[in-house]
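Chemist: Sharing my_file.csv (CSV, C-alpha atoms) below.
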```
chain,number,residue,atom,x,y,z
A,1,MET,CA,11.3,11.2,24.9
A,2,ASN,CA,11.7,13.1,21.7
A,3,LYS,CA,11.3,11.7,18.1
A,4,THR,CA,15.0,11.0,17.7
A,5,ALA,CA,15.2,9.0,20.9
A,6,ALA,CA,12.1,7.0,19.9
A,7,ILE,CA,13.4,6.2,16.5
A,8,ARG,CA,16.8,5.2,17.9
A,9,ALA,CA,15.0,2.8,20.2
A,10,ILE,CA,12.9,1.4,17.3
A,11,ILE,CA,15.9,0.8,15.2
A,12,GLY,CA,17.7,-0.9,18.1
A,13,ALA,CA,14.8,-3.1,19.0
A,14,THR,CA,13.7,-4.1,15.5
A,15,GLU,CA,17.1,-5.5,14.4
A,16,THR,CA,16.7,-6.9,10.8
A,17,ARG,CA,12.9,-6.9,10.7
A,18,PRO,CA,11.4,-4.6,8.0
A,19,ILE,CA,10.6,-1.1,9.1
A,20,VAL,CA,8.4,1.3,7.0
A,21,PHE,CA,9.0,5.0,8.0
A,22,THR,CA,6.4,7.6,7.2
A,23,GLY,CA,7.6,10.5,5.1
A,24,GLY,CA,9.0,13.7,6.5
A,25,SER,CA,11.1,13.9,9.6
A,26,ALA,CA,10.8,10.3,10.7
A,27,SER,CA,12.4,9.0,7.5
A,28,ALA,CA,15.1,11.7,7.5
A,29,ILE,CA,16.0,11.1,11.2
A,30,ALA,CA,16.1,7.3,10.7
A,31,GLN,CA,18.4,7.6,7.7
A,32,ASP,CA,20.6,10.0,9.6
A,33,LEU,CA,20.8,7.8,12.6
A,34,SER,CA,21.5,4.5,10.9
A,35,ASP,CA,20.7,3.7,7.3
A,36,LEU,CA,20.0,0.0,7.1
A,37,PRO,CA,18.7,-2.3,4.3
A,38,ASN,CA,15.6,-3.3,6.4
A,39,HIS,CA,14.5,0.4,6.3
A,40,PHE,CA,12.0,1.7,3.8
A,41,TYR,CA,11.8,5.4,3.7
A,42,LEU,CA,8.7,7.2,2.4
A,43,ASN,CA,9.5,10.5,0.8
A,44,GLY,CA,6.2,11.6,-0.5
A,45,PRO,CA,2.7,10.3,0.2
A,46,LEU,CA,1.8,11.0,3.8
A,47,GLY,CA,-0.7,8.5,5.2
A,48,LEU,CA,0.5,5.4,3.4
A,49,ALA,CA,3.1,4.0,5.7
A,50,SER,CA,0.7,1.6,7.4
A,51,SER,CA,-0.7,0.4,4.0
A,52,ILE,CA,2.8,-0.4,2.7
A,53,GLY,CA,3.6,-2.1,6.0
A,54,ILE,CA,0.5,-4.2,5.6
A,55,GLY,CA,1.6,-5.4,2.2
A,56,VAL,CA,5.1,-6.3,3.4
A,57,ALA,CA,3.7,-8.2,6.4
A,58,MET,CA,1.1,-10.0,4.3
A,59,GLU,CA,3.6,-11.2,1.8
A,60,THR,CA,6.6,-12.0,4.0
A,61,GLN,CA,4.6,-13.2,7.0
A,62,ARG,CA,7.3,-11.6,9.1
A,63,THR,CA,6.8,-9.0,11.8
A,64,THR,CA,6.8,-5.6,10.1
A,65,VAL,CA,7.2,-2.3,12.0
A,66,VAL,CA,5.5,0.8,10.8
A,67,VAL,CA,6.7,4.2,12.1
A,68,ASP,CA,3.8,6.6,11.6
A,69,GLY,CA,3.1,10.1,12.8
A,70,ASP,CA,-0.1,11.4,14.3
A,71,GLY,CA,-0.4,13.8,11.3
A,72,SER,CA,0.1,11.1,8.7
A,73,LEU,CA,-2.2,8.7,10.5
A,74,LEU,CA,-5.0,11.3,10.5
A,75,MET,CA,-4.3,12.2,6.9
A,76,ASN,CA,-5.5,8.7,5.9
A,77,PRO,CA,-6.8,6.3,8.6
A,78,VAL,CA,-7.8,3.6,6.1
A,79,GLY,CA,-4.6,1.7,6.7
A,80,LEU,CA,-5.5,1.5,10.4
A,81,ILE,CA,-9.0,0.3,9.5
A,82,THR,CA,-7.6,-2.3,7.1
A,83,ALA,CA,-5.0,-3.7,9.5
A,84,GLY,CA,-7.7,-3.9,12.1
A,85,THR,CA,-9.6,-6.4,10.0
A,86,LEU,CA,-6.5,-8.6,9.4
A,87,THR,CA,-6.4,-10.2,12.8
A,88,SER,CA,-3.4,-12.5,12.2
A,89,LEU,CA,-1.2,-9.9,10.5
A,90,PRO,CA,2.2,-9.5,12.2
A,91,ILE,CA,2.5,-5.8,12.2
A,92,VAL,CA,3.6,-3.3,14.9
A,93,HIS,CA,2.1,0.1,14.2
A,94,ILE,CA,3.9,2.8,16.1
A,95,VAL,CA,2.6,6.3,16.1
A,96,LEU,CA,5.0,9.1,17.1
A,97,ASP,CA,2.5,11.6,18.5
A,98,ASP,CA,4.0,15.1,18.8
A,99,GLY,CA,0.9,17.1,18.0
A,100,VAL,CA,2.6,19.0,15.1
A,101,TYR,CA,3.5,18.7,11.5
A,102,ALA,CA,7.2,18.8,12.3
A,103,PHE,CA,8.5,18.6,8.7
A,104,THR,CA,6.5,21.5,7.3
A,105,GLY,CA,7.1,24.0,10.0
A,106,GLY,CA,5.3,22.8,13.1
A,107,GLU,CA,1.7,23.6,12.3
A,108,ALA,CA,-0.6,22.1,15.0
A,109,ILE,CA,-2.3,18.9,14.1
A,110,PRO,CA,-6.1,19.1,14.6
A,111,SER,CA,-6.2,16.2,17.0
A,112,ARG,CA,-6.4,17.9,20.3
A,113,ARG,CA,-9.6,16.0,21.2
A,114,ALA,CA,-8.9,12.8,19.2
A,115,ASP,CA,-8.0,9.6,21.0
A,116,LEU,CA,-5.7,7.7,18.7
A,117,CYS,CA,-5.7,4.5,20.9
A,118,ALA,CA,-9.5,4.5,20.9
A,119,LEU,CA,-9.4,4.8,17.2
A,120,ALA,CA,-7.1,1.8,16.9
A,121,ARG,CA,-9.3,-0.3,19.2
A,122,ALA,CA,-12.4,0.7,17.3
A,123,ALA,CA,-10.6,-0.3,14.0
A,124,GLY,CA,-10.0,-3.8,15.4
A,125,TYR,CA,-6.5,-3.7,17.0
A,126,ARG,CA,-6.5,-6.0,20.0
A,127,ARG,CA,-3.2,-4.9,21.5
A,128,VAL,CA,-3.1,-1.2,22.0
A,129,PHE,CA,-0.6,0.7,24.2
A,130,SER,CA,0.4,4.2,25.0
A,131,THR,CA,3.5,5.4,26.6
A,132,ALA,CA,5.5,8.6,27.1
A,133,LYS,CA,8.6,7.0,28.8
A,134,LEU,CA,11.5,5.9,26.6
A,135,ASP,CA,12.6,2.9,28.7
A,136,GLU,CA,9.0,1.7,29.0
A,137,PHE,CA,8.6,2.1,25.2
A,138,SER,CA,11.8,0.3,24.4
A,139,ALA,CA,10.9,-2.7,26.7
A,140,LEU,CA,7.3,-2.8,25.4
A,141,LEU,CA,8.4,-2.8,21.8
A,142,ARG,CA,10.9,-5.6,22.3
A,143,SER,CA,8.3,-7.7,24.0
A,144,GLN,CA,5.7,-7.2,21.3
A,145,LEU,CA,8.2,-7.9,18.5
A,146,VAL,CA,9.1,-11.3,20.0
A,147,SER,CA,5.5,-12.5,20.0
A,148,CYS,CA,3.7,-10.5,17.3
A,149,SER,CA,0.9,-12.5,15.7
A,150,THR,CA,-1.8,-9.8,15.5
A,151,PRO,CA,-1.7,-6.1,14.8
A,152,VAL,CA,-0.2,-4.1,17.6
A,153,PHE,CA,-0.7,-0.4,18.1
A,154,ILE,CA,1.7,1.7,20.2
A,155,ARG,CA,1.3,5.4,20.7
A,156,CYS,CA,4.4,7.3,21.8
A,157,ALA,CA,3.6,10.6,23.3
A,158,LEU,CA,6.6,12.8,22.4
A,159,ILE,CA,7.9,15.8,24.3
A,160,GLY,CA,10.9,17.9,23.4
A,161,GLY,CA,12.4,19.0,20.1
A,162,ASP,CA,14.9,17.2,17.9
A,163,TYR,CA,18.2,18.3,16.4
A,164,ALA,CA,18.0,19.7,12.9
A,165,THR,CA,17.4,16.9,10.4
A,166,PRO,CA,18.1,16.9,6.7
A,167,ASP,CA,15.4,18.4,4.5
A,168,ARG,CA,15.2,15.5,2.1
A,169,LEU,CA,16.3,11.9,1.9
A,170,SER,CA,19.8,11.6,0.4
A,171,THR,CA,19.0,8.5,-1.7
A,172,ASP,CA,17.9,7.5,-5.1
A,173,LEU,CA,14.3,6.2,-4.6
A,174,GLU,CA,14.5,3.4,-7.2
A,175,ASN,CA,17.7,2.1,-5.7
A,176,HIS,CA,16.3,2.4,-2.3
A,177,ALA,CA,13.3,0.2,-3.2
A,178,ARG,CA,15.7,-2.4,-4.7
A,179,ARG,CA,17.8,-2.4,-1.5
A,180,PHE,CA,14.7,-3.1,0.6
A,181,TYR,CA,13.4,-5.8,-1.8
A,182,ARG,CA,16.8,-7.5,-1.7
A,183,HIS,CA,16.6,-7.6,2.1
A,184,ILE,CA,13.1,-8.9,2.6
A,185,SER,CA,13.3,-11.4,-0.2
A,186,ASP,CA,16.7,-12.7,0.9
A,187,PRO,CA,16.3,-16.5,1.5
A,188,VAL,CA,18.9,-16.4,4.3
A,189,TRP,CA,17.0,-13.7,6.1
A,190,LEU,CA,13.7,-15.3,5.5
A,191,ALA,CA,15.0,-18.6,6.9
A,192,ARG,CA,16.5,-16.9,10.0
A,193,SER,CA,13.5,-14.9,10.7
A,194,ALA,CA,10.9,-17.7,10.3
B,195,MET,CA,-26.0,-33.8,-22.4
B,196,THR,CA,-25.9,-30.1,-23.2
B,197,ALA,CA,-26.0,-29.4,-26.9
B,198,PHE,CA,-23.5,-26.6,-26.8
B,199,VAL,CA,-20.6,-25.5,-24.7
B,200,LYS,CA,-20.9,-22.0,-23.5
B,201,ASP,CA,-17.8,-19.9,-24.0
B,202,VAL,CA,-15.9,-19.0,-20.9
B,203,ASP,CA,-16.8,-15.4,-20.2
B,204,VAL,CA,-14.2,-12.6,-20.5
B,205,ALA,CA,-14.0,-11.9,-16.7
B,206,THR,CA,-13.3,-15.6,-15.9
B,207,LYS,CA,-10.8,-15.9,-18.7
B,208,LEU,CA,-9.0,-12.8,-17.6
B,209,CYS,CA,-8.9,-14.1,-14.0
B,210,GLN,CA,-7.4,-17.4,-15.2
B,211,GLU,CA,-4.8,-15.7,-17.4
B,212,LEU,CA,-3.7,-13.3,-14.7
B,213,VAL,CA,-3.3,-16.1,-12.2
B,214,ALA,CA,-1.5,-18.3,-14.8
B,215,ALA,CA,0.9,-15.4,-15.5
B,216,ASP,CA,1.8,-15.2,-11.8
B,217,PHE,CA,0.0,-11.9,-11.1
B,218,GLY,CA,-1.2,-11.5,-7.5
B,219,PRO,CA,-2.1,-10.8,-4.8
B,220,PHE,CA,-5.3,-9.0,-5.8
B,221,PHE,CA,-6.7,-5.9,-4.2
B,222,GLY,CA,-10.0,-4.3,-5.1
B,223,THR,CA,-12.0,-1.2,-4.5
B,224,PRO,CA,-15.7,-1.0,-5.4
B,225,CYS,CA,-16.4,-0.8,-9.2
B,226,ARG,CA,-19.6,-1.9,-10.7
B,227,SER,CA,-18.2,-2.7,-14.2
B,228,LEU,CA,-15.5,-5.0,-12.6
B,229,THR,CA,-17.9,-6.9,-10.4
B,230,PRO,CA,-17.7,-10.1,-12.5
B,231,LEU,CA,-13.9,-10.1,-12.4
B,232,HIS,CA,-13.9,-9.3,-8.7
B,233,ALA,CA,-16.2,-12.3,-8.2
B,234,ALA,CA,-14.0,-14.6,-10.4
B,235,LEU,CA,-10.9,-13.6,-8.5
B,236,HIS,CA,-12.7,-14.1,-5.2
B,237,GLY,CA,-13.6,-17.6,-6.2
B,238,GLN,CA,-10.3,-18.6,-7.6
B,239,VAL,CA,-7.5,-17.0,-5.5
B,240,GLY,CA,-9.1,-14.4,-3.2
B,241,ILE,CA,-9.1,-10.7,-3.3
B,242,LEU,CA,-8.8,-8.2,-0.5
B,243,THR,CA,-11.3,-5.3,-0.7
B,244,VAL,CA,-9.8,-2.1,0.5
B,245,ALA,CA,-11.9,1.0,1.3
B,246,ARG,CA,-9.9,3.5,-0.6
B,247,GLU,CA,-7.9,3.3,-3.9
B,248,GLU,CA,-4.7,5.0,-2.6
B,249,ASN,CA,-4.5,2.5,0.3
B,250,ALA,CA,-5.0,-0.4,-2.2
B,251,ILE,CA,-2.0,1.0,-4.1
B,252,GLY,CA,0.0,1.3,-0.8
B,253,ILE,CA,-0.7,-2.3,0.2
B,254,ALA,CA,0.0,-3.5,-3.3
B,255,ALA,CA,3.3,-1.6,-3.2
B,256,GLY,CA,4.3,-3.5,0.0
B,257,THR,CA,3.6,-6.8,-1.6
B,258,SER,CA,5.5,-5.7,-4.8
B,259,LEU,CA,8.5,-4.7,-2.6
B,260,ALA,CA,8.4,-8.3,-1.3
B,261,GLY,CA,8.7,-9.7,-4.7
B,262,ARG,CA,5.1,-10.2,-5.9
B,263,CYS,CA,3.3,-8.8,-8.8
B,264,PRO,CA,0.1,-7.3,-7.4
B,265,VAL,CA,-3.0,-6.2,-9.2
B,266,VAL,CA,-5.3,-3.4,-8.0
B,267,LEU,CA,-8.9,-3.2,-9.3
B,268,MET,CA,-10.6,0.2,-9.3
B,269,GLU,CA,-13.1,2.3,-11.2
B,270,ASN,CA,-11.8,5.2,-13.2
B,271,PRO,CA,-12.7,7.9,-10.7
B,272,GLY,CA,-10.4,6.1,-8.3
B,273,ILE,CA,-7.5,7.2,-10.4
B,274,GLY,CA,-8.2,10.7,-9.0
B,275,GLN,CA,-8.0,9.3,-5.5
B,276,CYS,CA,-4.6,7.8,-5.9
B,277,VAL,CA,-2.8,10.3,-8.2
B,278,ASN,CA,-0.3,11.2,-5.4
B,279,ALA,CA,0.3,7.6,-4.4
B,280,ILE,CA,1.2,6.8,-8.0
B,281,ALA,CA,3.2,10.0,-8.7
B,282,SER,CA,5.3,9.9,-5.5
B,283,LEU,CA,5.5,6.2,-4.6
B,284,VAL,CA,4.8,3.8,-7.5
B,285,VAL,CA,6.6,5.7,-10.3
B,286,PRO,CA,9.7,7.2,-8.5
B,287,TYR,CA,10.4,4.1,-6.5
B,288,ARG,CA,9.6,2.0,-9.7
B,289,ILE,CA,7.3,-0.4,-8.0
B,290,PRO,CA,5.8,-2.8,-10.5
B,291,MET,CA,2.0,-3.5,-10.3
B,292,LEU,CA,-1.0,-3.8,-12.6
B,293,LEU,CA,-4.0,-1.5,-12.3
B,294,ILE,CA,-7.2,-2.8,-13.8
B,295,VAL,CA,-9.4,0.2,-14.3
B,296,GLY,CA,-13.1,-0.1,-15.0
B,297,LEU,CA,-14.3,2.7,-17.3
B,298,ASN,CA,-17.7,3.4,-16.0
B,299,GLU,CA,-18.6,6.4,-18.1
B,300,LEU,CA,-17.7,6.3,-21.8
B,301,SER,CA,-21.2,6.3,-23.1
B,302,GLN,CA,-22.4,9.3,-25.1
B,303,GLU,CA,-24.6,10.4,-22.3
B,304,PRO,CA,-22.5,10.0,-19.1
B,305,ALA,CA,-23.8,11.1,-15.8
B,306,GLN,CA,-23.0,14.7,-15.1
B,307,GLU,CA,-20.8,14.0,-12.1
B,308,ALA,CA,-18.8,11.5,-14.0
B,309,LYS,CA,-18.0,13.4,-17.2
B,310,ILE,CA,-14.8,15.1,-16.1
B,311,MET,CA,-13.2,12.0,-14.5
B,312,GLY,CA,-14.2,10.1,-17.6
B,313,ARG,CA,-12.4,12.6,-19.8
B,314,LEU,CA,-9.4,12.8,-17.5
B,315,THR,CA,-8.7,9.1,-16.9
B,316,GLY,CA,-6.5,8.6,-19.9
B,317,GLN,CA,-4.8,11.9,-19.6
B,318,LEU,CA,-4.0,11.3,-15.9
B,319,LEU,CA,-2.5,7.9,-16.6
B,320,GLU,CA,-0.4,9.3,-19.5
B,321,GLY,CA,0.7,12.2,-17.4
B,322,LEU,CA,1.7,9.8,-14.6
B,323,GLY,CA,3.8,7.8,-17.0
B,324,ILE,CA,1.7,4.7,-16.7
B,325,GLU,CA,1.5,2.7,-19.9
B,326,SER,CA,-2.1,1.7,-20.5
B,327,THR,CA,-4.0,-0.6,-22.9
B,328,GLU,CA,-7.7,-1.1,-23.4
B,329,LEU,CA,-9.1,-4.6,-23.0
B,330,ASP,CA,-10.6,-5.8,-26.3
B,331,PRO,CA,-13.2,-8.5,-25.7
B,332,VAL,CA,-12.7,-9.8,-29.3
B,333,GLU,CA,-8.9,-10.3,-29.1
B,334,PRO,CA,-7.6,-13.4,-27.3
B,335,VAL,CA,-7.2,-12.5,-23.6
B,336,GLU,CA,-3.9,-14.5,-23.4
B,337,ALA,CA,-2.3,-12.1,-25.8
B,338,GLN,CA,-3.5,-9.0,-23.9
B,339,VAL,CA,-2.3,-10.4,-20.6
B,340,GLU,CA,1.0,-11.2,-22.1
B,341,ARG,CA,1.4,-7.5,-23.2
B,342,VAL,CA,0.8,-6.1,-19.7
B,343,ASN,CA,3.0,-8.9,-18.3
B,344,THR,CA,5.8,-7.7,-20.5
B,345,ILE,CA,5.5,-4.3,-19.0
B,346,VAL,CA,5.0,-5.3,-15.4
B,347,GLN,CA,7.0,-8.5,-14.8
B,348,ARG,CA,9.8,-8.2,-17.4
B,349,ARG,CA,10.3,-4.4,-17.6
B,350,LEU,CA,9.4,-4.0,-13.9
B,351,GLN,CA,7.1,-1.0,-14.6
B,352,PRO,CA,3.5,-0.3,-13.5
B,353,ALA,CA,0.9,-0.6,-16.2
B,354,ALA,CA,-2.9,-0.2,-16.5
B,355,LEU,CA,-5.5,-2.3,-18.2
B,356,LEU,CA,-8.6,-0.3,-19.0
B,357,VAL,CA,-11.9,-2.2,-19.1
B,358,PRO,CA,-14.6,-0.5,-21.2
B,359,PRO,CA,-18.2,-0.6,-19.8
B,360,ALA,CA,-20.1,-3.9,-20.2
B,361,THR,CA,-17.0,-5.8,-21.3
B,362,PHE,CA,-17.8,-8.3,-18.6
B,363,GLY,CA,-21.5,-8.2,-19.3
B,364,GLY,CA,-22.4,-6.4,-16.1
B,365,ARG,CA,-23.9,-3.0,-15.6
B,366,ALA,CA,-22.0,-0.1,-17.2
```
Show me, as structure tokens, the structure contained in the file I just sent.
Modeler:
Amino acid sequence: MNKTAAIRAIIGATETRPIVFTGGSASAIAQDLSDLPNHFYLNGPLGLASSIGIGVAMETQRTTVVVDGDGSLLMNPVGLITAGTLTSLPIVHIVLDDGVYAFTGGEAIPSRRADLCALARAAGYRRVFSTAKLDEFSALLRSQLVSCSTPVFIRCALIGGDYATPDRLSTDLENHARRFYRHISDPVWLARSA
Amino acid sequence: MTAFVKDVDVATKLCQELVAADFGPFFGTPCRSLTPLHAALHGQVGILTVAREENAIGIAAGTSLAGRCPVVLMENPGIGQCVNAIASLVVPYRIPMLLIVGLNELSQEPAQEAKIMGRLTGQLLEGLGIESTELDPVEPVEAQVERVNTIVQRRLQPAALLVPPATFGGRA
């Protein structure tokens, strides 16, 4: 699967649950595929998607999905360490592992010998998965979303390029934050998703 | 019976006023001059210790997006660790939160390694567009919390409360 296929599967499986997308191509692809109010797109700080997701999950107590990259995870693994200590946090942390910094020109990520799943286990994640098959990933994600009561880590090994994505998010960031706030604080959504 | 009633200390009073003003949740990174406040928060409402300042900012941002009014405790060198998180997340997305920054090195003879960050703390906050005010141990704490509350919870902007060394009576 390539990154676009993986993100399409994530959006389809996640439904109205909050999703925090890491900056760069993941946010741009998601916005291009389907721009929904449960999406929070990062446009700047690489390495903070999981931290923001932790905060959302802590506060809403609703399953929150983080779409991270291997580059952004390695830029700041403290979010992984923190989530690993919060054993009842409902968070699904997906790492789209393509081995390159896709958004900045495809430089190789220095992770050739790193085992991201082992890192997640060592951080305290109890449910850790790795897959390279789209149908397997989609089924796995749906099953984990239904019963998420502890941090889940899913590594998606990506193969193949993506179509050209927009360089930047086409959204005003302040308005974007307000839209996400309105969604995750909506009493109707909170009641339905309890 | 005790012949006198000891004043409530500044850290405990600040903790009480922050909680009363609906600030929270609280996140903290290690800071020796904020230890009494950290302890007071831990005892009253709980505080999550995070290993790195920019991650504390990120987690706080998530709770703020969910409608809370989070507080992040850090020492002033931590501002250097989270410049990009503030500049490219907190400010442009306009995510309200309160930073409580312990000023560890304002003495006339600061440690060599702390001189530059001590000098830059105010400049960085100003350059980032974060309104900041210094905690005055003489002025009533309620009034000072009300001032930052106006910025954070009414104007929905981030703000910083700077805590000079030894304000809480701990090591500076």
Chemist: Which residues come within 6 Å of segment 83-92 of chain A, counting all atoms listed in the file, excluding same-chain residues fewer than 2 positions away, as a list in words?
Modeler: Thr63, Thr64, Val65, Leu80, Ile81, Ala123, Gly124, Tyr125, Cys148, Ser149, Thr150, Pro151 and Val152 of chain A
Chemist: For the atom pair atom CA of Ile273 of chain B and atom CA of Gly296 of chain B, what is the interatomic distance in Å to one decimal place?
Modeler: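 Atom-to-atom, atom CA of Ile273 of chain B and atom CA of Gly296 of chain B are spaced 10.3 Å apart.
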Chemist: What separation in Å, quoted to one decimal, exists between atom CA of Pro359 of chain B and atom CA of Ile253 of chain B?
Modeler: 26.6 Å
Chemist: Just give me the gap between atom CA of Leu96 of chain A and atom CA of Thr82 of chain A in Å, one decimal is fine.
Modeler: 19.7 Å
Chemist: What are the centre and edge lengths in Å, to one decimal, of the axis-aligned box around all listed atoms of segment 360-364 of chain B with 4 Å added on each side, as JSON?
Modeler:
```
{"center_x": -19.7, "center_y": -6.1, "center_z": -18.7, "size_x": 13.4, "size_y": 12.4, "size_z": 13.2}
```
Chemist: Name the residues in contact with Ala233 of chain B at a cut-off of 10 Å, using all atoms listed in the file, excluding same-chain residues fewer than 5 positions from it; report them as a list of chain:residue names.
Modeler: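 In the requested format, the answer is B:Ala205, B:Thr206, B:Cys209, B:Leu228, B:Gln238, B:Gly240, B:Ile241.
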Chemist: Write the selection just made, keeping C-alpha atoms, as an mmCIF file, in the frame of the given file?
Modeler:
```cif
data_model
loop_
_atom_site.group_PDB
_atom_site.id
_atom_site.type_symbol
_atom_site.label_atom_id
_atom_site.label_comp_id
_atom_site.auth_asym_id
_atom_site.auth_seq_id
_atom_site.Cartn_x
_atom_site.Cartn_y
_atom_site.Cartn_z
ATOM 1 C CA ALA B 205 -14.000 -11.900 -16.700
ATOM 2 C CA THR B 206 -13.300 -15.600 -15.900
ATOM 3 C CA CYS B 209 -8.900 -14.100 -14.000
ATOM 4 C CA LEU B 228 -15.500 -5.000 -12.600
ATOM 5 C CA GLN B 238 -10.300 -18.600 -7.600
ATOM 6 C CA GLY B 240 -9.100 -14.400 -3.200
ATOM 7 C CA ILE B 241 -9.100 -10.700 -3.300
#
```
Chemist: Tell me as a CSV table (one decimal) with C-alpha atoms, in the coordinates of the input which residues belonging to chain A come within 6 Å of chain B, counting all atoms listed in the file.
Modeler:
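Output file selection-v6.csv is given in full below:
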```
chain,number,residue,atom,x,y,z
A,44,GLY,CA,6.2,11.6,-0.5
A,45,PRO,CA,2.7,10.3,0.2
A,48,LEU,CA,0.5,5.4,3.4
A,51,SER,CA,-0.7,0.4,4.0
A,52,ILE,CA,2.8,-0.4,2.7
A,54,ILE,CA,0.5,-4.2,5.6
A,55,GLY,CA,1.6,-5.4,2.2
A,56,VAL,CA,5.1,-6.3,3.4
A,59,GLU,CA,3.6,-11.2,1.8
A,173,LEU,CA,14.3,6.2,-4.6
A,174,GLU,CA,14.5,3.4,-7.2
A,177,ALA,CA,13.3,0.2,-3.2
A,181,TYR,CA,13.4,-5.8,-1.8
A,185,SER,CA,13.3,-11.4,-0.2
```
Chemist: For Ile345 of chain B, list every protein, DNA or RNA residue within 10 Å, evaluated using only C-alpha atoms, and leave out those in the same chain fewer than 5 positions away; present the list as a list in words.
Modeler: Pro290, Met291, Leu292, Glu325, Ser326, Glu340, Leu350, Gln351, Pro352, Ala353 and Ala354 of chain B
Chemist: May I have the residues at most 12 Å from (11.0, 18.8, 20.4) in the file's coordinates, counting only C-alpha atoms, as a count of residues only?
Modeler: 24
Chemist: For a quick check of your reading of the model, name the residues lying within 10 Å of the coordinate (15.2, 9.4, 9.5), counting all atoms listed in the file, and write them as a ChimeraX atom specification.
Modeler: /A:3-4,7-8,21-35,39,41-42,165-166,168-169
Chemist: Extract, using all atoms listed in the file, all DNA, RNA and protein residues at most 12 Å from Met311 of chain B, discarding same-chain residues fewer than 4 positions from it, and format them as a PyMOL selection string.
Modeler: chain B and resi 269-275+297-300+304-307+315-319
Chemist: Between A:Pro18, A:Leu46, A:Val78, A:Arg182, which residue has the minimum interatomic distance to Leu119 of chain A, considering all atoms listed in the file?
Modeler: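 Among the listed residues, A:Val78 lies closest to Leu119 of chain A.
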